[in-house]
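Beneath this line is the structure, given in structure tokens, with notes to follow.
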Amino acid sequence: MTDYRSHEPLAQTIGDAAVEYLQALVRLDTTSPPGNERQATGYIAALLAAEGIESTVVESEPTRANLVAWLRAENPTGRPVMLMGHTDVVAVERDKWDHDPFGGEIIEDFMWGRGTLDMKNQVAGQLAAFLALKRANLPLTRDVIFAAFADEEVSGTLGAGWVYEHHRGLIDAEFALNEGGGSQVEMGGARFYTCGTGEKGQSILNVTFRGKPGHASTPIPETAMEKLGIALERLREWEPDLTITKPVRAMLEGIGAVLGGNDQAEIRRILALESPVWDDFADLPLSDRDRTRLYAITHHTAVPTMLTAGQRINVIPSEVTLGIDCRLVPGTTPEEWRQLVSDVIGGIGEVELVNRNAGVASDPHSPFFDAIKGTLTNLVPEAHIVPNLIGGRTDAAWFPDIKVYGFYPMLPVDRDGAYEGTVHGHNERIHVDDVRFGARFAYDLIAGFATS
């Protein structure tokens, strides 16, 4: 079996630093809201200053801090490349965790804590790579930017979005490395790494139902709750049209090229269809997990997550509001989607569009994508990398004129399901070898791309 753990002095130093930085960042509670990302930027700024690197910290609101630092090329021949990430994390239910979610404990080679996967791991690894680049004093042909943003877990409006609007010059990059990719898909006996070259948009809907109020001891018809039930059933039965975007098409074509034979022929058949439906994918050799992921990135989704109703248990409420987390495949506007959901519900509720974040998709082919692919295969020769559409929304959506790629790989090692369901869930943790590997990848990628 291949030993993916590098014992070269440089790789060891970068990996050990990434583990140290991650542990320190996890121990800073940057739950958003309220965020208080100033804790993280203060820690990072001190590390940069110790290496003689000046950083800029800007706050959109008190304590909502964003940090940017640059390594300058003496005679640049290309535009800058950026290592970007966010330092805020989602809330925890402490009593549901086996270990302190802000303790950063390392137990049997796993570091436990909120943000170990999403995404302080990548921030720590990219920071370790950035500092190593400074120490190496490489002949850079393009500037390298390190950016740590606030507020991504809520909206990004106080983080990446605010920096782009008010301090655009700080992040004036051609390409960027971000979260959202590096996961692995198994198909036909082969393992593929996915690189995010686009992402779905998130548009939140509030649906308000109104009806007759009354005493709960006497059931009455046409209540707000009854209308809510009807709407939920209609949403459950509805399946939006299947859409194959450029990133998904490129992913399927890349998988087919590796698998060959009947699997490639089946993929080509599907891609040639004028209007494919989900049943057309039934014969592809996918695991249940990967089939679920493929469904999500080829369909709009509408998942009810919040409910506001009632004031007392014995009162039938006159108004009920349902919150729906909608993820839109690129190509449909939030306004078009609001009308579509309203038509499905059938007019029994008032549908309000809370935010308007459309999906984005770009051509997956570029010199930076080629560099990502080449760097990974140098570290993992048997690896296959394919473009992909990210199912969630990241800070990449704020940067329309930067080619942002979601990719941060882990080792091709089975962790026995240790990571499943822990991002935004309980017992989030990461193996320290995966921390080290990601940091080494980031260094090799930028050291090669920014000196070529």
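In the structure tokens, the first chain shown is A, the next is B, and so on; residue numbers restart at 1 for each chain, and ligands run from 1 in the order shown.
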
_Residues near segment 285-300 of chain A, cut-off 6 Å, only C-alpha atoms, skip fewer than 3 positions along chain, as an NGL selection string_ = :A and (187-188 or 242-244 or 327-329 or 391)

*Please identify all polymer residues within 7 Å of Gly180 of chain A, counting only C-alpha atoms, omitting same-chain residues fewer than 2 positions from it, and present them as number ranges by chain.*
A: 178, 196, 390, 406-407

For the residues in the current selection, export C-alpha atoms as a tab-separated table (two decimals), in the first residue's frame.
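Saved result, again-v4.tsv, follows:
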```
chain	number	residue	atom	x	y	z
A	178	ASN	CA	-11.51	27.68	-1.62
A	196	GLY	CA	-15.75	22.51	-7.35
A	390	ILE	CA	-20.85	22.16	-5.17
A	406	GLY	CA	-13.26	24.48	-4.37
A	407	PHE	CA	-10.62	21.89	-3.59
```

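Between atom CA of Gly115 of chain A and atom CA of Val26 of chain A lies a distance of 6.3 Å.
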
_Which of segment 64-222 of chain A DSSP labels strand (DSSP E), written as a ChimeraX atom specification_ = /A:64-71,81-86,106-107,110-112,144-149,175-178,184-187,190-199,201-210,214-215

_Restricting the calculation to only C-alpha atoms: of A:Gly421, A:Gly347, A:Gly182, A:Gly78, which residue gets closest to Phe437 of chain A?_
A:Gly182

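Coordinates place atom CA of Glu199 of chain A at a distance of 9.0 Å from atom CA of Pro247 of chain A.
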
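Using only C-alpha atoms, the smallest distance between any of A:Val413, A:Gly254, A:Gly42, A:Ile267 and Phe281 of chain A comes from A:Ile267.
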
*Give me the residues within 9 Å of His424 of chain A as an NGL selection string, counting only C-alpha atoms and dropping any in the same chain fewer than 5 places off.*
:A and (89-92 or 114-115 or 118)

Expected file contents, prior selection, N, CA and C atoms, as a compact mmCIF listing (two decimals), in the first residue's frame:
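The file below, result_39.txt, is the result:
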```txt
# COMPACT_ATOMS: atom_id res chain seq x y z
N VAL A 89 -17.75 29.50 12.52
CA VAL A 89 -18.28 28.13 12.54
C VAL A 89 -19.75 28.18 12.96
N VAL A 90 -20.45 27.05 12.74
CA VAL A 90 -21.85 26.96 13.15
C VAL A 90 -21.95 26.57 14.62
N ALA A 91 -23.14 26.73 15.15
CA ALA A 91 -23.38 26.45 16.57
C ALA A 91 -23.28 24.96 16.89
N VAL A 92 -23.13 24.65 18.15
CA VAL A 92 -23.05 23.26 18.61
C VAL A 92 -24.09 23.02 19.70
N ARG A 114 -15.42 21.77 16.66
CA ARG A 114 -16.19 22.46 15.62
C ARG A 114 -15.23 23.25 14.73
N GLY A 115 -15.36 23.01 13.42
CA GLY A 115 -14.50 23.67 12.45
C GLY A 115 -13.36 22.82 11.97
N ASP A 118 -15.02 22.04 8.67
CA ASP A 118 -15.63 23.20 8.01
C ASP A 118 -15.36 24.47 8.82
```

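Between Asp151 of chain A and the candidates A:Asp395, A:Glu105, A:Asp401, A:Glu274, the tightest atom-to-atom separation, counting only C-alpha atoms, involves A:Asp395.
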
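Counting only C-alpha atoms and comparing A:Thr197, A:Ser452, A:Ser318, A:Gln39, the residue that lies closest to Ser366 of chain A is A:Thr197.
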
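Every protein or nucleic acid residue with an atom no more than 12 Å from Gln23 of chain A, counting only C-alpha atoms and leaving out same-chain residues fewer than 5 positions away, appears here: Asp16, Ala17, Ala18, Leu28, Asp29, Ala40, Tyr43, Pro101, Phe102, Gly103, Gly104, Glu105, Ile106, Phe110, Met111, Trp112, Gly113, Arg114, Gly115, Thr116, Lys120, Asn121, Val123, Ala124, Gly125, Arg429, Ile430, Val432 and Val435 of chain A.
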
For the residues selected in the previous step, produce a file with N, CA and C atoms as a short mmCIF file (atom, residue, chain, number, x, y, z; two decimals), in the first residue's frame.
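Okay, result23.cif is ready:
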```cif
data_model
loop_
_atom_site.label_atom_id
_atom_site.label_comp_id
_atom_site.auth_asym_id
_atom_site.auth_seq_id
_atom_site.Cartn_x
_atom_site.Cartn_y
_atom_site.Cartn_z
N ASP A 16 3.15 19.65 10.59
CA ASP A 16 3.11 19.87 12.04
C ASP A 16 2.57 21.27 12.36
N ALA A 17 2.97 22.26 11.56
CA ALA A 17 2.46 23.62 11.78
C ALA A 17 0.95 23.68 11.57
N ALA A 18 0.46 23.00 10.54
CA ALA A 18 -0.98 23.01 10.26
C ALA A 18 -1.76 22.41 11.43
N LEU A 28 -10.70 28.65 19.69
CA LEU A 28 -11.32 29.98 19.66
C LEU A 28 -12.77 29.81 19.23
N ASP A 29 -13.70 30.15 20.10
CA ASP A 29 -15.13 29.98 19.79
C ASP A 29 -15.58 31.12 18.88
N ALA A 40 -9.73 35.04 15.82
CA ALA A 40 -8.96 34.26 14.86
C ALA A 40 -8.00 35.14 14.08
N TYR A 43 -4.96 36.01 16.15
CA TYR A 43 -4.01 34.88 16.23
C TYR A 43 -3.22 34.76 14.93
N PRO A 101 -16.40 20.49 22.07
CA PRO A 101 -16.37 20.98 20.68
C PRO A 101 -15.41 22.14 20.45
N PHE A 102 -14.91 22.74 21.52
CA PHE A 102 -13.92 23.81 21.38
C PHE A 102 -12.64 23.46 22.15
N GLY A 103 -12.40 22.17 22.28
CA GLY A 103 -11.22 21.72 23.02
C GLY A 103 -10.03 21.39 22.14
N GLY A 104 -10.27 21.04 20.88
CA GLY A 104 -9.17 20.67 20.00
C GLY A 104 -8.39 19.46 20.49
N GLU A 105 -9.05 18.57 21.22
CA GLU A 105 -8.34 17.39 21.74
C GLU A 105 -7.95 16.44 20.61
N ILE A 106 -6.78 15.85 20.72
CA ILE A 106 -6.34 14.83 19.77
C ILE A 106 -6.42 13.48 20.46
N PHE A 110 -7.20 11.59 15.94
CA PHE A 110 -8.27 12.46 15.45
C PHE A 110 -8.34 13.71 16.32
N MET A 111 -8.37 14.89 15.66
CA MET A 111 -8.61 16.13 16.39
C MET A 111 -10.10 16.42 16.38
N TRP A 112 -10.64 16.65 17.59
CA TRP A 112 -12.06 16.88 17.75
C TRP A 112 -12.34 18.37 17.90
N GLY A 113 -13.45 18.81 17.28
CA GLY A 113 -13.86 20.19 17.51
C GLY A 113 -14.60 20.78 16.34
N ARG A 114 -15.42 21.77 16.66
CA ARG A 114 -16.19 22.46 15.62
C ARG A 114 -15.23 23.25 14.73
N GLY A 115 -15.36 23.01 13.42
CA GLY A 115 -14.50 23.67 12.45
C GLY A 115 -13.36 22.82 11.97
N THR A 116 -13.16 21.64 12.54
CA THR A 116 -12.05 20.80 12.09
C THR A 116 -12.22 20.37 10.64
N LYS A 120 -11.83 25.38 9.43
CA LYS A 120 -10.58 25.83 10.03
C LYS A 120 -9.40 24.94 9.65
N ASN A 121 -9.68 23.71 9.28
CA ASN A 121 -8.63 22.83 8.78
C ASN A 121 -7.95 23.44 7.57
N VAL A 123 -8.10 26.59 6.53
CA VAL A 123 -7.48 27.87 6.90
C VAL A 123 -6.11 27.62 7.52
N ALA A 124 -6.03 26.65 8.44
CA ALA A 124 -4.76 26.34 9.10
C ALA A 124 -3.74 25.80 8.11
N GLY A 125 -4.16 24.90 7.23
CA GLY A 125 -3.23 24.33 6.26
C GLY A 125 -2.74 25.36 5.26
N ARG A 429 -14.72 16.02 13.55
CA ARG A 429 -13.33 15.69 13.85
C ARG A 429 -12.59 15.39 12.55
N ILE A 430 -11.26 15.39 12.63
CA ILE A 430 -10.44 15.11 11.46
C ILE A 430 -9.17 14.39 11.89
N VAL A 432 -5.33 13.66 11.95
CA VAL A 432 -4.23 14.60 11.81
C VAL A 432 -3.42 14.34 10.53
N VAL A 435 -4.96 16.46 7.98
CA VAL A 435 -4.56 17.86 8.16
C VAL A 435 -3.21 18.09 7.49
#
```

Surrounding residues of Arg234 of chain A excluding itself and chain neighbours under 3 positions, 9 Å, only C-alpha atoms, as a PDB file with C-alpha atoms, in the first residue's frame:
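Wrote it out as part.pdb, contents follow:
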```
ATOM      1  CA  GLY A 229     -49.901  20.234   5.948  1.00  0.00           C
ATOM      2  CA  ILE A 230     -51.299  20.347   2.424  1.00  0.00           C
ATOM      3  CA  ALA A 231     -48.349  22.442   1.225  1.00  0.00           C
ATOM      4  CA  GLU A 237     -44.451  14.832  -4.051  1.00  0.00           C
ATOM      5  CA  TRP A 238     -42.865  17.389  -6.384  1.00  0.00           C
ATOM      6  CA  VAL A 344     -46.631  24.000  -6.681  1.00  0.00           C
ATOM      7  CA  ILE A 345     -48.189  25.015  -3.371  1.00  0.00           C
ATOM      8  CA  GLY A 346     -51.218  26.187  -5.288  1.00  0.00           C
TER       9      GLY A 346
END
```

Using DSSP assignments from the backbone, pull out every residue in segment 333-374 of chain A that falls under helix (DSSP H, G or I) and give it to me as a tab-separated table (two decimals) with C-alpha atoms, in the first residue's frame.
```
chain	number	residue	atom	x	y	z
A	334	PRO	CA	-34.45	33.20	-7.43
A	335	GLU	CA	-37.50	35.13	-8.68
A	336	GLU	CA	-38.34	32.37	-11.17
A	337	TRP	CA	-37.93	29.82	-8.39
A	338	ARG	CA	-40.24	31.71	-6.02
A	339	GLN	CA	-42.99	31.65	-8.62
A	340	LEU	CA	-42.43	27.96	-9.31
A	341	VAL	CA	-42.78	27.05	-5.62
A	342	SER	CA	-45.86	29.25	-5.35
A	343	ASP	CA	-47.42	27.38	-8.28
A	344	VAL	CA	-46.63	24.00	-6.68
A	345	ILE	CA	-48.19	25.01	-3.37
A	367	PRO	CA	-4.31	26.66	-16.04
A	368	PHE	CA	-5.14	26.67	-12.31
A	369	PHE	CA	-7.37	23.62	-12.62
A	370	ASP	CA	-4.56	21.89	-14.51
A	371	ALA	CA	-2.19	22.81	-11.68
A	372	ILE	CA	-4.59	21.41	-9.07
A	373	LYS	CA	-4.84	18.18	-11.05
A	374	GLY	CA	-1.09	17.90	-11.56
```

*Pick out the residues sitting within 9 Å of segment 140-145 of chain A, and hand them over as an MDAnalysis selection string; count only C-alpha atoms, and ignore anything fewer than 3 positions along from it in its own chain.*
chainID A and resid 68:84 130 137 170:173 176 446:447 449:452
